[in-house]
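File shown: structure11.pdb (PDB, C-alpha atoms, pLDDT in the B column).
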```pdb
ATOM      1  CA  MET A   1     -29.820 -75.218-129.049  1.00 55.00           C
ATOM      2  CA  GLU A   2     -31.776 -77.560-131.296  1.00 65.00           C
ATOM      3  CA  PRO A   3     -35.404 -76.556-132.047  1.00 72.00           C
ATOM      4  CA  LEU A   4     -38.121 -78.397-130.168  1.00 78.00           C
ATOM      5  CA  THR A   5     -39.926 -81.224-131.881  1.00 94.00           C
ATOM      6  CA  TYR A   6     -43.655 -81.614-131.527  1.00 97.00           C
ATOM      7  CA  SER A   7     -45.695 -84.787-131.659  1.00 98.00           C
ATOM      8  CA  ILE A   8     -49.342 -84.260-132.521  1.00 98.00           C
ATOM      9  CA  ILE A   9     -51.524 -87.263-131.786  1.00 98.00           C
ATOM     10  CA  LEU A  10     -54.970 -87.635-133.345  1.00 98.00           C
ATOM     11  CA  PRO A  11     -57.105 -90.502-132.035  1.00 97.00           C
ATOM     12  CA  ALA A  12     -59.428 -91.440-134.892  1.00 97.00           C
ATOM     13  CA  TYR A  13     -62.478 -93.661-135.056  1.00 97.00           C
ATOM     14  CA  SER A  14     -64.351 -93.608-138.378  1.00 97.00           C
ATOM     15  CA  GLU A  15     -63.168 -90.093-139.244  1.00 97.00           C
ATOM     16  CA  GLY A  16     -62.999 -90.750-142.995  1.00 96.00           C
ATOM     17  CA  ALA A  17     -65.347 -87.880-143.830  1.00 96.00           C
ATOM     18  CA  ARG A  18     -63.132 -85.265-142.178  1.00 96.00           C
ATOM     19  CA  ILE A  19     -59.634 -86.665-141.618  1.00 98.00           C
ATOM     20  CA  ALA A  20     -58.245 -85.305-144.896  1.00 98.00           C
ATOM     21  CA  ALA A  21     -59.324 -81.743-144.036  1.00 97.00           C
ATOM     22  CA  THR A  22     -57.848 -82.136-140.546  1.00 98.00           C
ATOM     23  CA  LEU A  23     -54.517 -83.386-141.892  1.00 98.00           C
ATOM     24  CA  ASP A  24     -54.435 -80.568-144.462  1.00 98.00           C
ATOM     25  CA  LYS A  25     -54.988 -77.942-141.746  1.00 98.00           C
ATOM     26  CA  ILE A  26     -52.383 -79.343-139.370  1.00 98.00           C
ATOM     27  CA  LEU A  27     -49.732 -79.938-142.023  1.00 98.00           C
ATOM     28  CA  ALA A  28     -50.229 -76.488-143.576  1.00 97.00           C
ATOM     29  CA  TYR A  29     -50.142 -74.711-140.217  1.00 97.00           C
ATOM     30  CA  ALA A  30     -47.060 -76.632-139.094  1.00 97.00           C
ATOM     31  CA  SER A  31     -45.309 -75.832-142.359  1.00 96.00           C
ATOM     32  CA  ARG A  32     -46.139 -72.113-142.188  1.00 97.00           C
ATOM     33  CA  HIS A  33     -44.779 -71.950-138.631  1.00 95.00           C
ATOM     34  CA  ARG A  34     -41.793 -74.158-139.376  1.00 94.00           C
ATOM     35  CA  TRP A  35     -42.681 -76.627-136.672  1.00 95.00           C
ATOM     36  CA  ASN A  36     -40.578 -79.759-136.576  1.00 95.00           C
ATOM     37  CA  ILE A  37     -43.456 -82.231-136.134  1.00 96.00           C
ATOM     38  CA  GLU A  38     -44.458 -85.802-136.262  1.00 97.00           C
ATOM     39  CA  LEU A  39     -48.164 -86.241-136.806  1.00 98.00           C
ATOM     40  CA  ILE A  40     -49.518 -89.530-135.520  1.00 98.00           C
ATOM     41  CA  VAL A  41     -53.020 -90.709-136.386  1.00 98.00           C
ATOM     42  CA  VAL A  42     -54.105 -93.559-134.120  1.00 98.00           C
ATOM     43  CA  ASN A  43     -56.755 -95.550-135.938  1.00 98.00           C
ATOM     44  CA  ASP A  44     -59.144 -97.121-133.438  1.00 97.00           C
ATOM     45  CA  GLY A  45     -60.620 -99.853-135.602  1.00 96.00           C
ATOM     46  CA  SER A  46     -62.343 -97.547-138.090  1.00 97.00           C
ATOM     47  CA  THR A  47     -64.580 -99.201-140.648  1.00 95.00           C
ATOM     48  CA  ASP A  48     -64.942 -96.276-143.055  1.00 94.00           C
ATOM     49  CA  GLY A  49     -61.612 -95.969-144.830  1.00 94.00           C
ATOM     50  CA  THR A  50     -59.925 -93.649-142.314  1.00 97.00           C
ATOM     51  CA  ALA A  51     -56.755 -95.760-142.282  1.00 97.00           C
ATOM     52  CA  GLU A  52     -56.472 -95.813-146.084  1.00 97.00           C
ATOM     53  CA  ILE A  53     -56.836 -92.033-146.301  1.00 98.00           C
ATOM     54  CA  VAL A  54     -54.092 -91.605-143.698  1.00 98.00           C
ATOM     55  CA  ARG A  55     -51.844 -94.089-145.531  1.00 98.00           C
ATOM     56  CA  GLN A  56     -52.253 -92.071-148.734  1.00 98.00           C
ATOM     57  CA  TYR A  57     -51.286 -88.877-146.901  1.00 97.00           C
ATOM     58  CA  ALA A  58     -48.355 -90.590-145.178  1.00 98.00           C
ATOM     59  CA  ALA A  59     -46.980 -91.625-148.574  1.00 98.00           C
ATOM     60  CA  GLN A  60     -46.715 -87.918-149.421  1.00 97.00           C
ATOM     61  CA  HIS A  61     -45.797 -86.519-145.985  1.00 97.00           C
ATOM     62  CA  ASN A  62     -42.902 -88.166-144.153  1.00 95.00           C
ATOM     63  CA  GLN A  63     -43.825 -86.487-140.859  1.00 96.00           C
ATOM     64  CA  LEU A  64     -47.141 -88.380-140.788  1.00 98.00           C
ATOM     65  CA  ARG A  65     -47.556 -91.926-139.557  1.00 97.00           C
ATOM     66  CA  LEU A  66     -50.429 -94.236-138.826  1.00 98.00           C
ATOM     67  CA  LEU A  67     -50.713 -96.385-135.712  1.00 98.00           C
ATOM     68  CA  GLU A  68     -53.315 -99.142-135.739  1.00 97.00           C
ATOM     69  CA  ASN A  69     -55.010-100.228-132.519  1.00 97.00           C
ATOM     70  CA  PRO A  70     -55.889-103.920-132.217  1.00 95.00           C
ATOM     71  CA  GLY A  71     -59.558-103.298-132.968  1.00 94.00           C
ATOM     72  CA  ASN A  72     -61.784-100.645-131.401  1.00 96.00           C
ATOM     73  CA  ARG A  73     -60.356 -99.996-127.932  1.00 96.00           C
ATOM     74  CA  GLY A  74     -61.581 -96.468-127.178  1.00 95.00           C
ATOM     75  CA  LYS A  75     -60.260 -92.935-127.071  1.00 93.00           C
ATOM     76  CA  GLY A  76     -58.289 -93.450-123.853  1.00 93.00           C
ATOM     77  CA  TYR A  77     -56.425 -96.392-125.344  1.00 96.00           C
ATOM     78  CA  SER A  78     -55.828 -94.446-128.565  1.00 97.00           C
ATOM     79  CA  VAL A  79     -54.402 -91.411-126.796  1.00 96.00           C
ATOM     80  CA  ARG A  80     -52.161 -93.599-124.625  1.00 97.00           C
ATOM     81  CA  ASN A  81     -50.991 -95.601-127.649  1.00 97.00           C
ATOM     82  CA  GLY A  82     -50.098 -92.425-129.532  1.00 98.00           C
ATOM     83  CA  MET A  83     -48.359 -90.830-126.556  1.00 97.00           C
ATOM     84  CA  LEU A  84     -46.279 -93.930-125.858  1.00 97.00           C
ATOM     85  CA  HIS A  85     -45.135 -94.085-129.496  1.00 98.00           C
ATOM     86  CA  ALA A  86     -44.444 -90.353-129.858  1.00 97.00           C
ATOM     87  CA  ARG A  87     -40.866 -89.110-130.191  1.00 96.00           C
ATOM     88  CA  GLY A  88     -41.295 -85.352-129.735  1.00 96.00           C
ATOM     89  CA  ASP A  89     -40.127 -83.046-126.966  1.00 96.00           C
ATOM     90  CA  ILE A  90     -43.678 -81.749-126.541  1.00 97.00           C
ATOM     91  CA  LEU A  91     -46.636 -84.062-127.154  1.00 98.00           C
ATOM     92  CA  LEU A  92     -50.118 -82.791-127.950  1.00 97.00           C
ATOM     93  CA  PHE A  93     -53.295 -84.705-128.525  1.00 95.00           C
ATOM     94  CA  SER A  94     -56.254 -83.231-130.308  1.00 95.00           C
ATOM     95  CA  ASP A  95     -59.651 -84.492-131.289  1.00 93.00           C
ATOM     96  CA  ALA A  96     -59.694 -85.359-134.989  1.00 94.00           C
ATOM     97  CA  ASP A  97     -62.476 -82.857-135.674  1.00 92.00           C
ATOM     98  CA  LEU A  98     -60.193 -80.010-134.509  1.00 91.00           C
ATOM     99  CA  SER A  99     -62.966 -78.679-132.267  1.00 86.00           C
ATOM    100  CA  SER A 100     -60.059 -76.858-130.637  1.00 89.00           C
ATOM    101  CA  PRO A 101     -58.315 -75.134-133.553  1.00 92.00           C
ATOM    102  CA  ILE A 102     -54.725 -76.187-134.267  1.00 95.00           C
ATOM    103  CA  GLU A 103     -53.814 -72.485-134.164  1.00 95.00           C
ATOM    104  CA  GLU A 104     -54.349 -72.644-130.395  1.00 94.00           C
ATOM    105  CA  ALA A 105     -51.573 -75.232-130.013  1.00 96.00           C
ATOM    106  CA  ASP A 106     -49.030 -72.397-129.837  1.00 95.00           C
ATOM    107  CA  LYS A 107     -50.439 -71.444-126.422  1.00 95.00           C
ATOM    108  CA  LEU A 108     -50.095 -74.982-125.091  1.00 96.00           C
ATOM    109  CA  PHE A 109     -46.598 -75.395-126.568  1.00 96.00           C
ATOM    110  CA  ALA A 110     -45.532 -72.083-125.010  1.00 95.00           C
ATOM    111  CA  ALA A 111     -46.772 -73.170-121.573  1.00 95.00           C
ATOM    112  CA  ILE A 112     -44.735 -76.384-121.789  1.00 96.00           C
ATOM    113  CA  ALA A 113     -41.653 -74.541-123.096  1.00 93.00           C
ATOM    114  CA  GLN A 114     -41.940 -72.196-120.099  1.00 95.00           C
ATOM    115  CA  GLY A 115     -41.787 -75.102-117.658  1.00 96.00           C
ATOM    116  CA  ALA A 116     -45.307 -76.512-117.294  1.00 96.00           C
ATOM    117  CA  ASP A 117     -45.524 -80.295-117.353  1.00 96.00           C
ATOM    118  CA  VAL A 118     -49.070 -80.345-118.739  1.00 94.00           C
ATOM    119  CA  ALA A 119     -51.118 -77.691-120.560  1.00 93.00           C
ATOM    120  CA  ILE A 120     -54.871 -78.149-120.852  1.00 90.00           C
ATOM    121  CA  GLY A 121     -56.957 -76.444-123.509  1.00 86.00           C
ATOM    122  CA  SER A 122     -60.379 -75.124-122.610  1.00 70.00           C
ATOM    123  CA  ARG A 123     -63.426 -74.571-124.778  1.00 56.00           C
ATOM    124  CA  TRP A 124     -65.043 -72.594-121.956  1.00 51.00           C
ATOM    125  CA  LEU A 125     -62.569 -69.763-121.520  1.00 50.00           C
ATOM    126  CA  ASP A 126     -63.780 -68.151-124.756  1.00 54.00           C
ATOM    127  CA  PRO A 127     -66.809 -69.973-126.208  1.00 54.00           C
ATOM    128  CA  GLU A 128     -66.749 -67.659-129.255  1.00 56.00           C
ATOM    129  CA  MET A 129     -63.602 -69.446-130.432  1.00 48.00           C
ATOM    130  CA  GLN A 130     -65.391 -72.783-130.733  1.00 47.00           C
ATOM    131  CA  ILE A 131     -65.431 -73.922-134.334  1.00 49.00           C
ATOM    132  CA  GLN A 132     -67.754 -76.862-133.907  1.00 53.00           C
ATOM    133  CA  LYS A 133     -70.488 -76.340-131.358  1.00 58.00           C
ATOM    134  CA  GLN A 134     -71.771 -79.364-129.504  1.00 59.00           C
ATOM    135  CA  PRO A 135     -75.498 -80.046-129.228  1.00 71.00           C
ATOM    136  CA  LEU A 136     -77.117 -78.418-126.190  1.00 76.00           C
ATOM    137  CA  TYR A 137     -77.703 -81.735-124.393  1.00 69.00           C
ATOM    138  CA  ARG A 138     -73.966 -82.619-124.738  1.00 66.00           C
ATOM    139  CA  GLN A 139     -72.965 -79.207-123.448  1.00 68.00           C
ATOM    140  CA  LEU A 140     -75.309 -79.589-120.460  1.00 74.00           C
ATOM    141  CA  PHE A 141     -74.221 -83.144-119.580  1.00 69.00           C
ATOM    142  CA  GLY A 142     -70.580 -82.208-120.133  1.00 67.00           C
ATOM    143  CA  ARG A 143     -70.807 -79.290-117.742  1.00 68.00           C
ATOM    144  CA  ILE A 144     -72.630 -81.343-115.097  1.00 72.00           C
ATOM    145  CA  PHE A 145     -70.024 -84.122-115.366  1.00 65.00           C
ATOM    146  CA  ASN A 146     -67.210 -81.573-115.282  1.00 61.00           C
ATOM    147  CA  LEU A 147     -68.629 -79.842-112.203  1.00 66.00           C
ATOM    148  CA  ALA A 148     -69.036 -83.157-110.375  1.00 68.00           C
ATOM    149  CA  LEU A 149     -65.497 -84.181-111.314  1.00 54.00           C
ATOM    150  CA  ARG A 150     -64.080 -80.850-110.154  1.00 59.00           C
ATOM    151  CA  LEU A 151     -65.955 -81.025-106.832  1.00 69.00           C
ATOM    152  CA  ILE A 152     -65.075 -84.646-106.099  1.00 72.00           C
ATOM    153  CA  LEU A 153     -61.401 -84.311-107.051  1.00 62.00           C
ATOM    154  CA  ASN A 154     -61.025 -80.678-105.941  1.00 66.00           C
ATOM    155  CA  LEU A 155     -59.705 -79.651-109.357  1.00 58.00           C
ATOM    156  CA  GLN A 156     -59.211 -76.056-110.425  1.00 65.00           C
ATOM    157  CA  PHE A 157     -59.436 -76.764-114.165  1.00 56.00           C
ATOM    158  CA  LYS A 158     -62.544 -75.550-115.958  1.00 57.00           C
ATOM    159  CA  ASP A 159     -62.645 -77.998-118.869  1.00 53.00           C
ATOM    160  CA  THR A 160     -61.156 -81.348-117.881  1.00 56.00           C
ATOM    161  CA  GLN A 161     -62.805 -83.104-120.831  1.00 57.00           C
ATOM    162  CA  CYS A 162     -61.344 -80.894-123.565  1.00 67.00           C
ATOM    163  CA  GLY A 163     -59.628 -83.074-126.167  1.00 72.00           C
ATOM    164  CA  PHE A 164     -56.694 -80.683-126.537  1.00 90.00           C
ATOM    165  CA  LYS A 165     -53.823 -81.200-124.117  1.00 94.00           C
ATOM    166  CA  ALA A 166     -50.038 -80.929-124.324  1.00 97.00           C
ATOM    167  CA  PHE A 167     -47.420 -82.712-122.236  1.00 97.00           C
ATOM    168  CA  SER A 168     -43.704 -82.453-121.790  1.00 97.00           C
ATOM    169  CA  ARG A 169     -42.003 -85.642-122.891  1.00 96.00           C
ATOM    170  CA  ARG A 170     -41.062 -86.440-119.297  1.00 97.00           C
ATOM    171  CA  SER A 171     -44.619 -85.983-118.008  1.00 97.00           C
ATOM    172  CA  ALA A 172     -46.104 -88.080-120.838  1.00 97.00           C
ATOM    173  CA  GLN A 173     -43.638 -90.882-120.085  1.00 96.00           C
ATOM    174  CA  THR A 174     -44.672 -90.710-116.425  1.00 97.00           C
ATOM    175  CA  ILE A 175     -48.441 -90.377-116.843  1.00 95.00           C
ATOM    176  CA  PHE A 176     -49.457 -92.541-119.794  1.00 95.00           C
ATOM    177  CA  PRO A 177     -47.979 -95.894-118.717  1.00 95.00           C
ATOM    178  CA  LEU A 178     -50.188 -95.547-115.602  1.00 94.00           C
ATOM    179  CA  GLN A 179     -53.390 -94.911-117.548  1.00 89.00           C
ATOM    180  CA  LYS A 180     -55.785 -97.842-117.268  1.00 87.00           C
ATOM    181  CA  ILE A 181     -59.153 -96.627-118.600  1.00 84.00           C
ATOM    182  CA  GLU A 182     -59.522 -97.323-122.308  1.00 84.00           C
ATOM    183  CA  ARG A 183     -62.906 -95.847-123.098  1.00 79.00           C
TER
END
```
Target format structure tokens, applied to this file:
Amino acid sequence: MEPLTYSIILPAYSEGARIAATLDKILAYASRHRWNIELIVVNDGSTDGTAEIVRQYAAQHNQLRLLENPGNRGKGYSVRNGMLHARGDILLFSDADLSSPIEEADKLFAAIAQGADVAIGSRWLDPEMQIQKQPLYRQLFGRIFNLALRLILNLQFKDTQCGFKAFSRRSAQTIFPLQKIER
């Protein structure tokens, strides 16, 4: 049986100050764990040199590629664009700041490999694992929004807004063409 391939999608808007560190972490971790990956950075109309930094990395790392959105279209558009261009068996998107550590991807990949269609990361299961804490007002508004969303839609998930989710190829091909919200 051929090893699984992973697509890691990073939506990026003006991430020039931190994208190099993010790429270094992901590429090093993937190499250490012998992941067969493609790393896709979806540039959402950045004005700070993000795309040029990614191009420089891509020249040195053949598993990295840059997708350019037609201007600034939003995170939803960027995630969808990356997912629809991904070639992996398991597709993961992560926020470019790695607020959910790449080391946690193993858990999401394992859930998909064991038959789940979608695996959702959560910053709330163990708040001590958070690398980059959000300001208190964002935490408060995020939790209020999340609670309202869970009540209205009768969802069991604790952190629907976490920017760290994995999808089987089949589920991504089913879900993302239907996505309409860009922002």
Nearby residues (only C-alpha atoms) at most 7 Å from segment 163-174 of chain A, same-chain spacing under 6 positions excluded, as a ChimeraX atom specification: /A:83,88-95,100,108-109,112,117-121
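Relative to atom CA of Pro177 of chain A, atom CA of Leu4 of chain A is found at 23.1 Å.
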Contacts of Asp48 of chain A within 12 Å, all atoms listed in the file, excl. fewer than 3 positions in-chain, as a list of chain:residue names: A:Ala12, A:Tyr13, A:Ser14, A:Glu15, A:Gly16, A:Ala17, A:Arg18, A:Ile19, A:Asn43, A:Asp44, A:Gly45, A:Ala51, A:Glu52, A:Ile53, A:Val54
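Closest approach to Arg183 of chain A among A:Ser122, A:Ser78, A:Gln114, A:Ser7 is made by A:Ser78 (distances from all atoms listed in the file).
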Kindly give the distance, in Å, that separates atom CA of Glu182 of chain A and atom CA of Val79 of chain A, rounded to a single decimal. 9.0 Å
Show me, as an mmCIF file with C-alpha atoms, keeping the file's coordinate frame, the residues that have an atom within 8 Å of Arg65 of chain A when counting only C-alpha atoms, minus same-chain residues fewer than 6 positions from it.
```cif
data_model
loop_
_atom_site.group_PDB
_atom_site.id
_atom_site.type_symbol
_atom_site.label_atom_id
_atom_site.label_comp_id
_atom_site.auth_asym_id
_atom_site.auth_seq_id
_atom_site.Cartn_x
_atom_site.Cartn_y
_atom_site.Cartn_z
ATOM 1 C CA GLU A 38 -44.458 -85.802 -136.262
ATOM 2 C CA LEU A 39 -48.164 -86.241 -136.806
ATOM 3 C CA ILE A 40 -49.518 -89.530 -135.520
ATOM 4 C CA VAL A 41 -53.020 -90.709 -136.386
ATOM 5 C CA VAL A 54 -54.092 -91.605 -143.698
ATOM 6 C CA ARG A 55 -51.844 -94.089 -145.531
ATOM 7 C CA ALA A 58 -48.355 -90.590 -145.178
#
```
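Nearest residue to Asp97 of chain A, choosing from A:Ile175, A:Arg32, A:Ile26, A:Thr5 and counting all atoms listed in the file: A:Ile26.
Between atom CA of Trp35 of chain A and atom CA of Asn62 of chain A the interatomic distance comes to 13.8 Å.
Ranking A:Ala96, A:Leu66, A:Ala111, A:Ile102 by their shortest atom-to-atom distance to Leu27 of chain A, with all atoms listed in the file included, puts A:Ile102 first.
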